[in-house]
Amino acid sequence: MAKTEKTPMKEQKTYKYESPLVKARKKRRRKKLLLALFIVLLIAIPVLSLITWRDRIPFFQKEQNGETTAVSVLYVSDGDTILVEFPDGSKEHIRLLLIDAPESVHPDEEKNTEEGRQAAAFLKELLPVGTTVYLEYDTNERTFDRYGRMLAYVWLTETTSVESSYIKQNMVNAILLSKGYASYYPYDEGKIAKRAYRKVLEGIR
(Lines give C-alpha, C1' and ligand atoms only; values in the text may rest on other atoms or scores of the structure.)
Protein backbone atom coordinates (compact mmCIF):
# COMPACT_ATOMS: atom_id res chain seq x y z
CA MET A 1 0.00 0.00 0.00
CA ALA A 2 1.53 3.26 -1.06
CA LYS A 3 2.21 5.87 1.56
CA THR A 4 0.57 9.17 1.07
CA GLU A 5 2.67 12.20 1.86
CA LYS A 6 1.13 14.68 4.19
CA THR A 7 1.12 18.18 2.94
CA PRO A 8 2.57 20.47 5.66
CA MET A 9 0.02 22.88 6.95
CA LYS A 10 0.77 26.52 6.42
CA GLU A 11 1.33 28.48 9.60
CA GLN A 12 -1.56 30.74 10.05
CA LYS A 13 -0.88 34.33 11.03
CA THR A 14 -2.61 35.54 14.10
CA TYR A 15 -3.80 39.09 14.46
CA LYS A 16 -4.04 40.70 17.85
CA TYR A 17 -7.25 42.51 18.27
CA GLU A 18 -7.02 45.98 19.78
CA SER A 19 -10.05 47.69 21.01
CA PRO A 20 -10.75 51.25 19.87
CA LEU A 21 -10.00 52.41 23.44
CA VAL A 22 -6.48 50.90 23.37
CA LYS A 23 -5.81 52.41 19.95
CA ALA A 24 -6.95 55.81 21.18
CA ARG A 25 -4.61 55.60 24.19
CA LYS A 26 -1.63 54.72 22.00
CA LYS A 27 -2.46 57.58 19.69
CA ARG A 28 -2.57 60.01 22.61
CA ARG A 29 0.80 58.72 23.89
CA ARG A 30 2.38 59.25 20.46
CA LYS A 31 1.00 62.76 20.35
CA LYS A 32 2.38 63.53 23.83
CA LEU A 33 5.78 62.13 22.85
CA LEU A 34 5.90 64.23 19.69
CA LEU A 35 4.80 67.30 21.64
CA ALA A 36 7.52 66.74 24.26
CA LEU A 37 10.15 66.33 21.53
CA PHE A 38 8.95 69.51 19.85
CA ILE A 39 9.20 71.47 23.13
CA VAL A 40 12.74 70.17 23.76
CA LEU A 41 13.82 71.27 20.28
CA LEU A 42 12.05 74.59 20.73
CA ILE A 43 14.14 75.25 23.86
CA ALA A 44 17.42 73.72 22.71
CA ILE A 45 17.78 75.52 19.38
CA PRO A 46 17.68 79.10 20.78
CA VAL A 47 20.03 78.12 23.64
CA LEU A 48 22.58 76.62 21.27
CA SER A 49 22.25 79.64 19.00
CA LEU A 50 22.87 81.99 21.94
CA ILE A 51 25.98 80.08 23.00
CA THR A 52 27.35 80.27 19.46
CA TRP A 53 26.46 83.96 19.22
CA ARG A 54 28.14 84.77 22.53
CA ASP A 55 31.31 83.02 21.38
CA ARG A 56 31.40 85.21 18.28
CA ILE A 57 30.58 88.58 19.85
CA PRO A 58 33.58 90.35 21.45
CA PHE A 59 31.25 92.22 23.84
CA PHE A 60 30.44 89.12 25.86
CA GLN A 61 34.07 88.01 25.86
CA LYS A 62 35.10 91.44 27.11
CA GLU A 63 32.43 91.47 29.81
CA GLN A 64 33.49 88.09 31.15
CA ASN A 65 37.24 88.41 30.72
CA GLY A 66 38.10 92.03 31.42
CA GLU A 67 41.69 93.14 30.87
CA THR A 68 43.29 95.13 33.67
CA THR A 69 46.18 97.55 33.98
CA ALA A 70 48.33 97.47 37.10
CA VAL A 71 48.98 100.90 38.63
CA SER A 72 50.38 102.23 41.88
CA VAL A 73 48.33 104.41 44.23
CA LEU A 74 49.97 107.78 44.83
CA TYR A 75 47.21 109.57 46.69
CA VAL A 76 43.56 109.30 47.69
CA SER A 77 41.85 112.55 46.72
CA ASP A 78 38.44 111.82 48.24
CA GLY A 79 35.96 109.00 48.69
CA ASP A 80 35.68 108.17 44.99
CA THR A 81 38.85 109.52 43.35
CA ILE A 82 42.47 108.38 43.52
CA LEU A 83 45.73 109.49 41.88
CA VAL A 84 47.73 106.64 40.35
CA GLU A 85 50.97 106.11 38.48
CA PHE A 86 51.13 103.91 35.38
CA PRO A 87 54.07 101.63 34.52
CA ASP A 88 55.31 104.21 31.99
CA GLY A 89 55.51 106.86 34.72
CA SER A 90 52.43 108.82 33.65
CA LYS A 91 49.93 109.87 36.31
CA GLU A 92 46.15 110.09 36.19
CA HIS A 93 43.31 110.88 38.53
CA ILE A 94 40.93 107.92 38.53
CA ARG A 95 37.23 108.44 39.15
CA LEU A 96 35.63 105.20 40.33
CA LEU A 97 32.81 104.27 37.97
CA LEU A 98 29.15 104.02 38.99
CA ILE A 99 29.57 105.34 42.53
CA ASP A 100 29.49 108.73 44.21
CA ALA A 101 30.86 109.60 47.64
CA PRO A 102 29.89 112.71 49.63
CA GLU A 103 32.09 115.78 49.17
CA SER A 104 35.15 116.22 51.36
CA VAL A 105 37.56 118.44 49.38
CA HIS A 106 35.20 120.75 47.51
CA PRO A 107 36.45 124.37 47.11
CA ASP A 108 33.19 125.46 48.69
CA GLU A 109 33.72 124.30 52.26
CA GLU A 110 29.99 124.34 52.94
CA LYS A 111 29.55 121.43 50.53
CA ASN A 112 32.00 119.23 52.40
CA THR A 113 30.50 116.77 54.87
CA GLU A 114 31.59 114.56 57.72
CA GLU A 115 30.37 111.54 55.72
CA GLY A 116 32.65 112.61 52.88
CA ARG A 117 35.65 112.85 55.19
CA GLN A 118 34.86 109.41 56.59
CA ALA A 119 34.64 107.96 53.07
CA ALA A 120 38.01 109.47 52.16
CA ALA A 121 39.56 108.15 55.38
CA PHE A 122 38.25 104.65 54.69
CA LEU A 123 39.60 104.69 51.14
CA LYS A 124 43.01 105.87 52.39
CA GLU A 125 43.06 102.98 54.83
CA LEU A 126 42.00 100.53 52.11
CA LEU A 127 44.53 101.87 49.58
CA PRO A 128 47.68 103.12 51.31
CA VAL A 129 50.25 104.95 49.19
CA GLY A 130 52.15 102.43 47.09
CA THR A 131 49.32 99.90 46.89
CA THR A 132 49.05 98.14 43.54
CA VAL A 133 45.53 98.18 42.15
CA TYR A 134 44.18 97.07 38.79
CA LEU A 135 42.16 99.32 36.53
CA GLU A 136 39.49 97.97 34.22
CA TYR A 137 37.89 100.33 31.74
CA ASP A 138 34.24 100.12 30.84
CA THR A 139 34.95 100.02 27.11
CA ASN A 140 37.94 99.23 24.93
CA GLU A 141 39.03 102.86 25.14
CA ARG A 142 39.90 105.01 28.12
CA THR A 143 37.15 107.49 28.92
CA PHE A 144 37.22 110.66 31.00
CA ASP A 145 34.63 112.73 32.83
CA ARG A 146 34.15 116.47 32.36
CA TYR A 147 36.83 117.18 34.97
CA GLY A 148 39.45 115.20 33.06
CA ARG A 149 39.44 112.23 35.43
CA MET A 150 39.83 108.79 33.94
CA LEU A 151 36.83 106.52 34.58
CA ALA A 152 37.52 102.96 35.71
CA TYR A 153 36.62 100.02 37.88
CA VAL A 154 39.35 99.58 40.48
CA TRP A 155 40.23 96.04 41.53
CA LEU A 156 42.33 94.77 44.42
CA THR A 157 43.11 91.68 42.36
CA GLU A 158 44.48 91.24 38.86
CA THR A 159 41.78 88.68 38.09
CA THR A 160 38.31 90.04 37.41
CA SER A 161 34.95 88.30 37.43
CA VAL A 162 31.28 88.99 36.79
CA GLU A 163 30.34 86.91 39.85
CA SER A 164 28.46 89.03 42.37
CA SER A 165 30.29 87.72 45.46
CA TYR A 166 33.71 88.22 43.84
CA ILE A 167 32.85 91.77 42.78
CA LYS A 168 31.69 92.70 46.28
CA GLN A 169 34.91 91.41 47.84
CA ASN A 170 37.50 92.58 45.34
CA MET A 171 36.24 95.63 43.45
CA VAL A 172 36.92 98.89 45.33
CA ASN A 173 33.82 100.50 43.79
CA ALA A 174 31.63 97.76 45.27
CA ILE A 175 33.41 97.76 48.64
CA LEU A 176 32.71 101.47 49.11
CA LEU A 177 29.05 100.87 48.29
CA SER A 178 28.66 97.89 50.60
CA LYS A 179 30.30 99.75 53.49
CA GLY A 180 27.93 102.69 53.03
CA TYR A 181 30.62 105.22 52.09
CA ALA A 182 29.22 105.83 48.61
CA SER A 183 25.97 105.58 46.72
CA TYR A 184 25.18 104.16 43.30
CA TYR A 185 25.66 106.77 40.59
CA PRO A 186 24.54 105.67 37.11
CA TYR A 187 26.19 108.34 34.92
CA ASP A 188 24.82 107.76 31.43
CA GLU A 189 23.58 104.17 31.68
CA GLY A 190 23.18 103.97 27.93
CA LYS A 191 26.96 104.16 27.60
CA ILE A 192 27.79 101.64 30.32
CA ALA A 193 29.01 98.49 28.58
CA LYS A 194 29.69 96.39 31.67
CA ARG A 195 26.11 95.43 32.32
CA ALA A 196 27.03 92.68 34.79
CA TYR A 197 28.94 95.18 36.95
CA ARG A 198 26.15 97.71 36.73
CA LYS A 199 23.61 95.14 37.90
CA VAL A 200 25.70 94.15 40.93
CA LEU A 201 26.62 97.70 41.95
CA GLU A 202 23.07 98.94 41.53
CA GLY A 203 21.82 96.12 43.75
CA ILE A 204 24.10 96.97 46.70
CA ARG A 205 22.26 98.85 49.40
# chains A, B, ... in the order shown; residues from 1 in each chain; ligands from 1
call {"tool": "closest_atom_pairs", "arguments": {"of": "range 129-205 of chain A", "to": "range 91-112 of chain A", "cutoff": "8 Å", "atoms": "only C-alpha atoms", "output": "JSON lines"}}
result
{"residue": "A:Gly148", "atom": "CA", "partner": "A:His93", "partner_atom": "CA", "distance": 8.0}
{"residue": "A:Arg149", "atom": "CA", "partner": "A:His93", "partner_atom": "CA", "distance": 5.1}
{"residue": "A:Met150", "atom": "CA", "partner": "A:Ile94", "partner_atom": "CA", "distance": 4.8}
{"residue": "A:Leu151", "atom": "CA", "partner": "A:Arg95", "partner_atom": "CA", "distance": 5.0}
{"residue": "A:Ala152", "atom": "CA", "partner": "A:Leu97", "partner_atom": "CA", "distance": 5.4}
{"residue": "A:Tyr153", "atom": "CA", "partner": "A:Leu97", "partner_atom": "CA", "distance": 5.7}
{"residue": "A:Val154", "atom": "CA", "partner": "A:Leu96", "partner_atom": "CA", "distance": 6.7}
{"residue": "A:Asn173", "atom": "CA", "partner": "A:Leu96", "partner_atom": "CA", "distance": 6.1}
{"residue": "A:Leu177", "atom": "CA", "partner": "A:Ile99", "partner_atom": "CA", "distance": 7.3}
{"residue": "A:Tyr181", "atom": "CA", "partner": "A:Ala101", "partner_atom": "CA", "distance": 6.2}
{"residue": "A:Ala182", "atom": "CA", "partner": "A:Ala101", "partner_atom": "CA", "distance": 4.2}
{"residue": "A:Ser183", "atom": "CA", "partner": "A:Asp100", "partner_atom": "CA", "distance": 5.4}
{"residue": "A:Tyr184", "atom": "CA", "partner": "A:Ile99", "partner_atom": "CA", "distance": 4.6}
{"residue": "A:Tyr185", "atom": "CA", "partner": "A:Ile99", "partner_atom": "CA", "distance": 4.6}
{"residue": "A:Pro186", "atom": "CA", "partner": "A:Leu98", "partner_atom": "CA", "distance": 5.2}
{"residue": "A:Tyr187", "atom": "CA", "partner": "A:Leu98", "partner_atom": "CA", "distance": 6.6}
{"residue": "A:Arg198", "atom": "CA", "partner": "A:Leu98", "partner_atom": "CA", "distance": 7.3}
{"residue": "A:Leu201", "atom": "CA", "partner": "A:Leu98", "partner_atom": "CA", "distance": 7.4}
call {"tool": "select_by_dssp", "arguments": {"residues": "range 22-204 of chain A", "states": "alpha helix (DSSP H)", "output": "PyMOL selection string"}}
result
chain A and resi 22-56+58-64+114-126+164-170+172-178+195-203
call {"tool": "residues_around", "arguments": {"residues": "Glu158 in chain A", "least_positions_apart": "3", "cutoff": "10 Å", "atoms": "only C-alpha atoms", "output": "list of chain:residue names"}}
result
A:Gly66, A:Glu67, A:Thr68, A:Thr69, A:Ala70, A:Thr132, A:Val133, A:Tyr134, A:Leu135, A:Glu136, A:Val154, A:Trp155, A:Asn170
call {"tool": "write_last_selection", "arguments": {"atoms": "N, CA and C atoms", "output": "PDB file, in the first residue's frame"}}
result
ATOM      1  N   GLY A  66      37.590  90.669  31.505  1.00  0.00           N
ATOM      2  CA  GLY A  66      38.097  92.028  31.423  1.00  0.00           C
ATOM      3  C   GLY A  66      39.605  92.092  31.575  1.00  0.00           C
ATOM      4  N   GLU A  67      40.252  92.927  30.758  1.00  0.00           N
ATOM      5  CA  GLU A  67      41.687  93.136  30.873  1.00  0.00           C
ATOM      6  C   GLU A  67      41.941  94.261  31.863  1.00  0.00           C
ATOM      7  N   THR A  68      42.975  94.123  32.657  1.00  0.00           N
ATOM      8  CA  THR A  68      43.287  95.127  33.668  1.00  0.00           C
ATOM      9  C   THR A  68      44.676  95.708  33.452  1.00  0.00           C
ATOM     10  N   THR A  69      44.884  96.890  34.010  1.00  0.00           N
ATOM     11  CA  THR A  69      46.183  97.553  33.976  1.00  0.00           C
ATOM     12  C   THR A  69      46.641  97.789  35.407  1.00  0.00           C
ATOM     13  N   ALA A  70      47.803  97.291  35.748  1.00  0.00           N
ATOM     14  CA  ALA A  70      48.330  97.467  37.101  1.00  0.00           C
ATOM     15  C   ALA A  70      48.888  98.877  37.261  1.00  0.00           C
ATOM     16  N   THR A 132      49.311  98.468  44.945  1.00  0.00           N
ATOM     17  CA  THR A 132      49.055  98.141  43.542  1.00  0.00           C
ATOM     18  C   THR A 132      47.582  97.788  43.370  1.00  0.00           C
ATOM     19  N   VAL A 133      46.921  98.490  42.481  1.00  0.00           N
ATOM     20  CA  VAL A 133      45.534  98.175  42.145  1.00  0.00           C
ATOM     21  C   VAL A 133      45.450  97.954  40.639  1.00  0.00           C
ATOM     22  N   TYR A 134      44.329  97.437  40.201  1.00  0.00           N
ATOM     23  CA  TYR A 134      44.182  97.070  38.793  1.00  0.00           C
ATOM     24  C   TYR A 134      42.966  97.780  38.200  1.00  0.00           C
ATOM     25  N   LEU A 135      43.220  98.550  37.166  1.00  0.00           N
ATOM     26  CA  LEU A 135      42.158  99.323  36.527  1.00  0.00           C
ATOM     27  C   LEU A 135      41.533  98.528  35.391  1.00  0.00           C
ATOM     28  N   GLU A 136      40.213  98.568  35.351  1.00  0.00           N
ATOM     29  CA  GLU A 136      39.490  97.973  34.222  1.00  0.00           C
ATOM     30  C   GLU A 136      38.570  99.048  33.655  1.00  0.00           C
ATOM     31  N   VAL A 154      38.071  99.789  39.803  1.00  0.00           N
ATOM     32  CA  VAL A 154      39.350  99.578  40.479  1.00  0.00           C
ATOM     33  C   VAL A 154      39.287  98.264  41.249  1.00  0.00           C
ATOM     34  N   TRP A 155      40.200  97.363  40.915  1.00  0.00           N
ATOM     35  CA  TRP A 155      40.233  96.038  41.534  1.00  0.00           C
ATOM     36  C   TRP A 155      41.429  95.898  42.476  1.00  0.00           C
ATOM     37  N   ASN A 170      36.228  92.190  45.951  1.00  0.00           N
ATOM     38  CA  ASN A 170      37.500  92.583  45.338  1.00  0.00           C
ATOM     39  C   ASN A 170      37.478  93.855  44.501  1.00  0.00           C
TER      40      ASN A 170
END
call {"tool": "closest_residue", "arguments": {"among": "A:Leu156, A:Gly116, A:Leu127, A:Ala196", "to": "Gln169 in chain A", "atoms": "only C-alpha atoms"}}
result
A:Leu156
call {"tool": "atom_distance", "arguments": {"atom1": "CA of Leu42 in chain A", "atom2": "CA of Lys27 in chain A"}}
result
22.4 Å
call {"tool": "select_by_dssp", "arguments": {"residues": "range 41-164 of chain A", "states": "strand (DSSP E or B)", "output": "PyMOL selection string"}}
result
chain A and resi 69-78+81-85+91-96+99-100+132-136+144+150-155
call {"tool": "closest_residue", "arguments": {"among": "A:Gly203, A:Gly180, A:Pro87, A:Pro20", "to": "Ser72 in chain A", "atoms": "only C-alpha atoms"}}
result
A:Pro87
call {"tool": "atom_distance", "arguments": {"atom1": "CA of Tyr197 in chain A", "atom2": "CA of Lys168 in chain A"}}
result
10.0 Å
call {"tool": "residues_around", "arguments": {"residues": "Ala120 in chain A", "least_positions_apart": "5", "cutoff": "9 Å", "atoms": "only C-alpha atoms", "output": "list in words"}}
result
Val76, Ser77, Asp78, Gly79, Asp80, Thr81, Ala101, Ser104, Glu115, Glu125 and Tyr181 of chain A
